[in-house]
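Trainee: Take a look at this one; I'll ask things after.
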Amino acid sequence: MDFLSANSLPWIKDAQQQLRAAFSTGRLPHSLLLLSVPGLGAEQLANWITALALCESRAKRPCDACASCRLLRSDSHPDSHVVRLQDDAQQIKVDQIRELIESLTTKSYRGGFKVGVVEGAECLNSNAANAFLKTLEEPTDDTVLILIARPNHRLPATIASRCLRLKLAPPSTEEALAWLEANSSGSKNWRAALTLAGGAPLLALKLEAQGIAAIDADMRQSIAALADSAVDVTLLAEQWGRSNPGIRVIWLENWITQRVCASMGTVPSHQTAEPVCLPGALLKPKIRALFELLDAAREVRRLASTGMNQQLALEALLVGGRVALGK
Ligand SMILES: [Zn+2]
């Protein structure tokens, strides 16, 4: 487990300070809900909190030198437990949660805290979420539970309301660009990667490594074919579903936003998360169709974490796209 990389992410510094202060006064919450879009380092922060709680040094924690820190580094600390989606699973299984709860209710091996982390908590099914309730309702003094979920999570209110919520916010564009440049070599189009990543620097790094230019070229080709009705929507949806569907939908949102702004003579904002609200009657039919397509793309993205039928959702989006973009 890498628990030091959190220190190199300046935008989570405030959260770290807040948690360190809580820890040093014995007020670290028993249950923490980290709300974050992908690519802001919530997993790194959870690792850092784990090390903060388990480190055995009295000085600067986590020290990266004590027996606990060394065990964490080699992923073999008996009091640290992490649960995440297995392979291609759509949901976190109730058995994974039962195992975690069992580990957290047994005595600490090293006499300190026991820490459980659930990555992608929006993928807990309702049985798994319910299994947590008792642990959340009757926390033991030496247990810390950290759930990581997207801000639009579907966690039951009974779970979310029992956790202290900590929402991670993306850095400003300038801060993010400066960080990306300082953490990479060679000159790259970080602004484009950052836009596609919705402002999340770690996701921008990943996208750049995956070949953002190739996705961009492929999407432009897809859109041109869609506008000419020269492509089978079912096949195209399958193709999008197989490779980076989430990124493709964000790409589409950005592309539509740029088209809408160009038609209206305004400058697109970097953050596309805010819906543009304009009275429908003021808009030309073509622009209105683009707005409808934008809404549909946002809805597909919003539903992406809910276990919906991706193929059907993408097909419906593409059928809408063919109408909106058709000549
Ligand atoms: Zn240590």
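Just so we're on the same page: first chain in the structure tokens is A, next is B, and so on; residues restart at 1 for each chain, and ligands are numbered from 1 in the order they show up.
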Which chains and residue numbers are within 7 Å of ligand 1, counting only C-alpha atoms and all ligand atoms, if I want them as a compact mmCIF listing (two decimals) with N, CA and C atoms, in the first residue's frame?
Mentor:
# COMPACT_ATOMS: atom_id res chain seq x y z
N CYS A 55 0.20 3.73 12.15
CA CYS A 55 1.62 4.00 12.41
C CYS A 55 1.90 3.95 13.91
N GLU A 56 3.05 3.39 14.26
CA GLU A 56 3.38 3.21 15.68
C GLU A 56 4.40 4.24 16.17
N SER A 57 4.69 5.22 15.34
CA SER A 57 5.64 6.25 15.75
C SER A 57 4.92 7.32 16.58
N ARG A 61 3.57 11.11 11.95
CA ARG A 61 2.87 9.96 11.41
C ARG A 61 2.26 10.31 10.07
N PRO A 62 2.19 9.41 9.11
CA PRO A 62 2.86 8.11 9.11
C PRO A 62 4.36 8.27 8.88
N CYS A 63 5.16 7.47 9.64
CA CYS A 63 6.61 7.68 9.65
C CYS A 63 7.32 6.94 8.52
N ASP A 64 6.67 5.92 7.96
CA ASP A 64 7.25 5.12 6.87
C ASP A 64 8.45 4.30 7.34
N ALA A 65 8.62 4.13 8.65
CA ALA A 65 9.80 3.39 9.14
C ALA A 65 9.44 2.36 10.20
N CYS A 66 8.34 2.56 10.93
CA CYS A 66 8.01 1.63 12.02
C CYS A 66 7.52 0.29 11.45
N ALA A 67 7.33 -0.67 12.35
CA ALA A 67 6.91 -2.01 11.91
C ALA A 67 5.57 -1.94 11.17
N SER A 68 4.62 -1.14 11.69
CA SER A 68 3.30 -1.04 11.05
C SER A 68 3.41 -0.45 9.64
N CYS A 69 4.17 0.62 9.52
CA CYS A 69 4.32 1.25 8.20
C CYS A 69 4.94 0.27 7.21
Trainee: Would you give me, as a count of residues only, the residues in region 135-277 of chain A that DSSP reads as strand (DSSP E)?
Mentor: 11
Trainee: Out of A:Leu40, A:Leu9, A:Ala22, A:Leu294, which residue has the shortest atom-to-atom distance to Lys206 (chain A) when counting only C-alpha atoms?
Mentor: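 Ranked by minimum distance to Lys206 (chain A), first place goes to A:Leu40.
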Trainee: So that I can check the surroundings of Gln310 (chain A), please list as a PyMOL selection string every protein, DNA and RNA residue that reaches within 12 Å of it, counting only C-alpha atoms and ignoring chain neighbours fewer than 4 positions away.
Mentor: chain A and resi 90+234+237-242+244-246+249+299-306+314-317
Trainee: Write the selection just made, keeping C-alpha atoms, as a short mmCIF file (atom, residue, chain, number, x, y, z; two decimals), in the first residue's frame?
Mentor:
data_model
loop_
_atom_site.label_atom_id
_atom_site.label_comp_id
_atom_site.auth_asym_id
_atom_site.auth_seq_id
_atom_site.Cartn_x
_atom_site.Cartn_y
_atom_site.Cartn_z
CA GLN A 90 -20.69 -4.83 -11.28
CA THR A 234 -26.11 -0.89 -32.27
CA ALA A 237 -22.80 1.44 -29.08
CA GLU A 238 -21.04 -1.94 -28.74
CA GLN A 239 -17.78 -0.39 -29.87
CA TRP A 240 -18.09 2.51 -27.39
CA GLY A 241 -19.08 0.11 -24.63
CA ARG A 242 -15.97 -1.99 -25.13
CA ASN A 244 -13.58 3.70 -22.47
CA PRO A 245 -17.37 4.30 -22.50
CA GLY A 246 -17.18 6.83 -19.64
CA VAL A 249 -19.53 10.20 -23.04
CA GLU A 299 -27.93 11.37 -17.80
CA VAL A 300 -25.99 8.39 -19.22
CA ARG A 301 -22.95 9.48 -17.20
CA ARG A 302 -25.03 9.99 -14.05
CA LEU A 303 -26.55 6.53 -14.41
CA ALA A 304 -23.23 4.85 -15.20
CA SER A 305 -22.60 3.91 -11.57
CA THR A 306 -26.08 2.47 -11.04
CA LEU A 314 -25.55 4.12 -25.31
CA GLU A 315 -27.83 3.02 -28.16
CA ALA A 316 -30.55 5.43 -27.00
CA LEU A 317 -27.96 8.21 -26.76
#
Trainee: Any idea what's packed within 8 Å of Ala131 (chain A), counting only C-alpha atoms, ignoring anything in its chain fewer than 4 positions away? Could you give it as a PyMOL selection string?
Mentor: chain A and resi 94+97-98+127+135
Trainee: Which residue is closest to Ser222 (chain A)? Choose from A:Arg322, A:Lys167, A:His153, A:Arg298 and count only C-alpha atoms.
Mentor: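 Nearest to Ser222 (chain A): A:Arg322.
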Trainee: At a cut-off of 12 Å, using only C-alpha atoms, what residues contact region 180-189 of chain A? Leave out same-chain residues fewer than 5 positions from it and give the result as a list in words.
Mentor: Ser8, Leu9, Pro10, Pro171, Thr173, Glu174, Glu175, Leu194, Thr195, Leu196, Gly199, Ala200, Pro201, Leu202, Leu203, Ala204, Leu205, Lys206, Leu207, Glu208, Ala209, Gly211, Ile212 and Ala213 of chain A
Trainee: Residues within 12 Å of Ser229 (chain A), please, as a list in words. Count only C-alpha atoms; anything in the same chain fewer than 6 positions from it doesn't count.
Mentor: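 Contacts, in chain order: Ser222, Ile223, Leu236, Leu318, Val319, Gly320, Gly321, Arg322, Val323, Ala324, Leu325, Gly326 and Lys327 of chain A.
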Trainee: Output N, CA and C atoms of each residue in that selection to a file, as a PDB file, in the first residue's frame.
Mentor:
ATOM      1  N   SER A 222     -16.462   8.747 -35.337  1.00  0.00           N
ATOM      2  CA  SER A 222     -17.775   8.233 -34.929  1.00  0.00           C
ATOM      3  C   SER A 222     -18.864   9.279 -35.156  1.00  0.00           C
ATOM      4  N   ILE A 223     -18.586  10.523 -34.734  1.00  0.00           N
ATOM      5  CA  ILE A 223     -19.577  11.600 -34.813  1.00  0.00           C
ATOM      6  C   ILE A 223     -19.898  11.931 -36.279  1.00  0.00           C
ATOM      7  N   LEU A 236     -22.118   0.667 -33.158  1.00  0.00           N
ATOM      8  CA  LEU A 236     -21.323   1.763 -32.604  1.00  0.00           C
ATOM      9  C   LEU A 236     -21.419   1.760 -31.076  1.00  0.00           C
ATOM     10  N   LEU A 318     -27.103   7.369 -28.884  1.00  0.00           N
ATOM     11  CA  LEU A 318     -26.663   7.487 -30.268  1.00  0.00           C
ATOM     12  C   LEU A 318     -27.828   7.728 -31.225  1.00  0.00           C
ATOM     13  N   VAL A 319     -28.989   7.119 -30.917  1.00  0.00           N
ATOM     14  CA  VAL A 319     -30.171   7.387 -31.748  1.00  0.00           C
ATOM     15  C   VAL A 319     -30.505   8.876 -31.641  1.00  0.00           C
ATOM     16  N   GLY A 320     -30.467   9.409 -30.419  1.00  0.00           N
ATOM     17  CA  GLY A 320     -30.690  10.844 -30.208  1.00  0.00           C
ATOM     18  C   GLY A 320     -29.652  11.670 -30.953  1.00  0.00           C
ATOM     19  N   GLY A 321     -28.400  11.184 -30.926  1.00  0.00           N
ATOM     20  CA  GLY A 321     -27.309  11.891 -31.598  1.00  0.00           C
ATOM     21  C   GLY A 321     -27.519  11.935 -33.097  1.00  0.00           C
ATOM     22  N   ARG A 322     -28.003  10.850 -33.659  1.00  0.00           N
ATOM     23  CA  ARG A 322     -28.219  10.808 -35.110  1.00  0.00           C
ATOM     24  C   ARG A 322     -29.267  11.850 -35.517  1.00  0.00           C
ATOM     25  N   VAL A 323     -30.298  12.003 -34.661  1.00  0.00           N
ATOM     26  CA  VAL A 323     -31.345  13.003 -34.951  1.00  0.00           C
ATOM     27  C   VAL A 323     -30.783  14.417 -34.785  1.00  0.00           C
ATOM     28  N   ALA A 324     -30.067  14.648 -33.684  1.00  0.00           N
ATOM     29  CA  ALA A 324     -29.589  15.999 -33.375  1.00  0.00           C
ATOM     30  C   ALA A 324     -28.508  16.468 -34.359  1.00  0.00           C
ATOM     31  N   LEU A 325     -27.692  15.529 -34.818  1.00  0.00           N
ATOM     32  CA  LEU A 325     -26.542  15.924 -35.652  1.00  0.00           C
ATOM     33  C   LEU A 325     -26.819  15.785 -37.141  1.00  0.00           C
ATOM     34  N   GLY A 326     -27.897  15.080 -37.472  1.00  0.00           N
ATOM     35  CA  GLY A 326     -28.200  14.811 -38.874  1.00  0.00           C
ATOM     36  C   GLY A 326     -28.343  16.103 -39.678  1.00  0.00           C
ATOM     37  N   LYS A 327     -28.011  15.998 -40.964  1.00  0.00           N
ATOM     38  CA  LYS A 327     -28.037  17.226 -41.784  1.00  0.00           C
ATOM     39  C   LYS A 327     -29.420  17.425 -42.395  1.00  0.00           C
TER      40      LYS A 327
END
Trainee: Quick one, how far is CA of His81 (chain A) from CA of Arg154 (chain A)?
Mentor: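 About the pair CA of His81 (chain A) and CA of Arg154 (chain A): they are 22.9 Å apart.
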